[in-house]
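Engineer: Before I ask anything, here is the structure I am working with.
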Amino acid sequence: MKRITFILFLIFIFIKSFCNNKLQCDTICYAKRSGIKLNIELISPCNFNHKMPAIIFFYGGGWIKGNREQFRPHASYLAHKGIVAILADYRTKEQCNATPFNCVEDAKSVIRFVKNNADKFNIDTTKIVAAGGSAGGHLAASCAYISNYNHPKDDLSISPRPTALVLFNPVIDNGKNGFGSDTIKKNYMTFSPLHNIKKNNALPTLFMVGDNDKLVPLKTAQKFKDLTEGNGATCILKVYKKQEHGFFNYKPNSNNKYYKITLKELESFLHKLGYLQK
């Protein structure tokens with residue numbers, strides 16, 4: 001009898017563990033613009049009865065192309081750890097001839113939509129991380145630091161500001177010698193995150209970049225760190241030797257060394273913020 005009870009107990013533990021490891025995936029349209037649907041995909045732990053932190057990923061591609069698959073491995077991993085991970089669409093030039101300014105509008109709309117539906121999504125609005133790579137990193141940082149470029153249909157009473165940033169080689173300097181200067185031109189002062197970090201608006205940030213990155217110079221990364229910390233927030237700058245732009249991406253049939261390293265760095269950052277339980 002004791003043996004049967006023990007076996008049943010083991011079966012119960014196995015089933016509970018299996019259920020707890022399952023994820024719920026929901027694709028939701030947050031806006032229709034330029035004739036296309038813009039979606040977010042929520043990847044959440046199945047069994048939870050409390051509001052959870054969230055991390056919103058914006059893919060890269062120079063505001064020209066890309067899709068939300070870029071950060072799916074990151075999102076799935078973090079959702080298993082107990083955080084709502086969100087993959088976001090936004091308009092791109094290839095899709096509908098969108099401008100970088102349209103991209104910023106959409107990124108802000110995503111965060112406003114998530115906050116407005118936080119109760120339904122079981123999200124704690126005091127713990128929302130904006131994350132992204134390259135131009136997606138720009139969008140994440142723009143939600144924190146750029147006040148212009150809001151879509152006319154947005155509810156401006158809802159702030160698009162996250163509570164922390166995770167930036168994978170982000171193009172945060174759009175000034176005269178920065179990324180996209182030929183497109184942004186004189187608008188850089190209202191578009192470039194690096195030029196808009198001020199007292200009392202700086203956010204805790206994890207900034208990851210390779211020292212061979214031709215698009216995001218190390219001096220730009222260091223300047224971002226100095227401005228962030230000079231205005232009262234922590235900025236963890238991680239520089240990876242001999243790595244170029246996009247070094248962090250997950251690649252099938254690869255050992256994915258730097259994907260794993262940067263993912264663990266991201267997980268550690270979330271632990272330090274108190275957004276993940278050890």
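Chain labels run A, B, ... following the order of the structure tokens; each chain numbers its residues from 1, and ligands are numbered from 1 in the order shown.
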Mind the document's chain letters and residue numbers, and return as number ranges by chain the residues of range 125-251 of chain A that DSSP labels helix (DSSP H, G or I).

Structural biologist: A: 135-145, 181-191, 193-195, 218-230

Engineer: Extract, using only C-alpha atoms, all DNA, RNA and protein residues at most 7 Å from Thr234 in chain A, discarding same-chain residues fewer than 5 positions from it, and format them as a count of residues only.

Structural biologist: 4

Engineer: Just the residues within 7 Å of range 166-177 of chain A, please, counting only C-alpha atoms, with nothing from its chain fewer than 6 positions along; format it as a list in words.

Structural biologist: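 Answer for this query is Ala130, Ala131, Gly132, Gly133, Ser134, Ala135, Gly137, His138, Tyr188, Ser192, Pro193, Leu194, Thr205, Leu206, Phe207, Met208, Val209, Val216 and His245 of chain A.
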
Engineer: Take the residues that were just selected and, keeping C-alpha atoms, output them as a compact mmCIF listing (two decimals), in the first residue's frame.

Structural biologist:
```txt
# COMPACT_ATOMS: atom_id res chain seq x y z
CA ALA A 130 11.26 47.21 -22.85
CA ALA A 131 13.87 45.23 -24.77
CA GLY A 132 15.18 45.15 -28.31
CA GLY A 133 18.09 44.71 -30.65
CA SER A 134 19.60 47.29 -33.01
CA ALA A 135 16.69 49.41 -34.32
CA GLY A 137 16.72 48.64 -29.13
CA HIS A 138 16.16 52.17 -30.37
CA TYR A 188 17.57 63.84 -34.20
CA SER A 192 17.68 60.13 -30.57
CA PRO A 193 17.48 58.51 -27.09
CA LEU A 194 21.10 59.45 -26.35
CA THR A 205 19.44 49.52 -18.15
CA LEU A 206 21.34 46.47 -19.36
CA PHE A 207 23.37 47.42 -22.45
CA MET A 208 25.14 44.64 -24.40
CA VAL A 209 27.42 45.26 -27.37
CA VAL A 216 27.23 51.02 -32.36
CA HIS A 245 26.50 43.61 -34.71
```

Engineer: Nearest to Gln277 in chain A: which of A:Arg161, A:Lys22, A:Arg33, A:His80 is it, counting only C-alpha atoms?

Structural biologist: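 Smallest distance to Gln277 in chain A is found for A:His80.
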
Engineer: Please provide the set of residues having any atom within 12 Å of Tyr77 in chain A, restricted to only C-alpha atoms, with same-chain residues fewer than 2 positions apart removed, written as a ChimeraX atom specification.

Structural biologist: /A:21-23,43-45,55,71-75,79-86,259-260,263-264,266-267
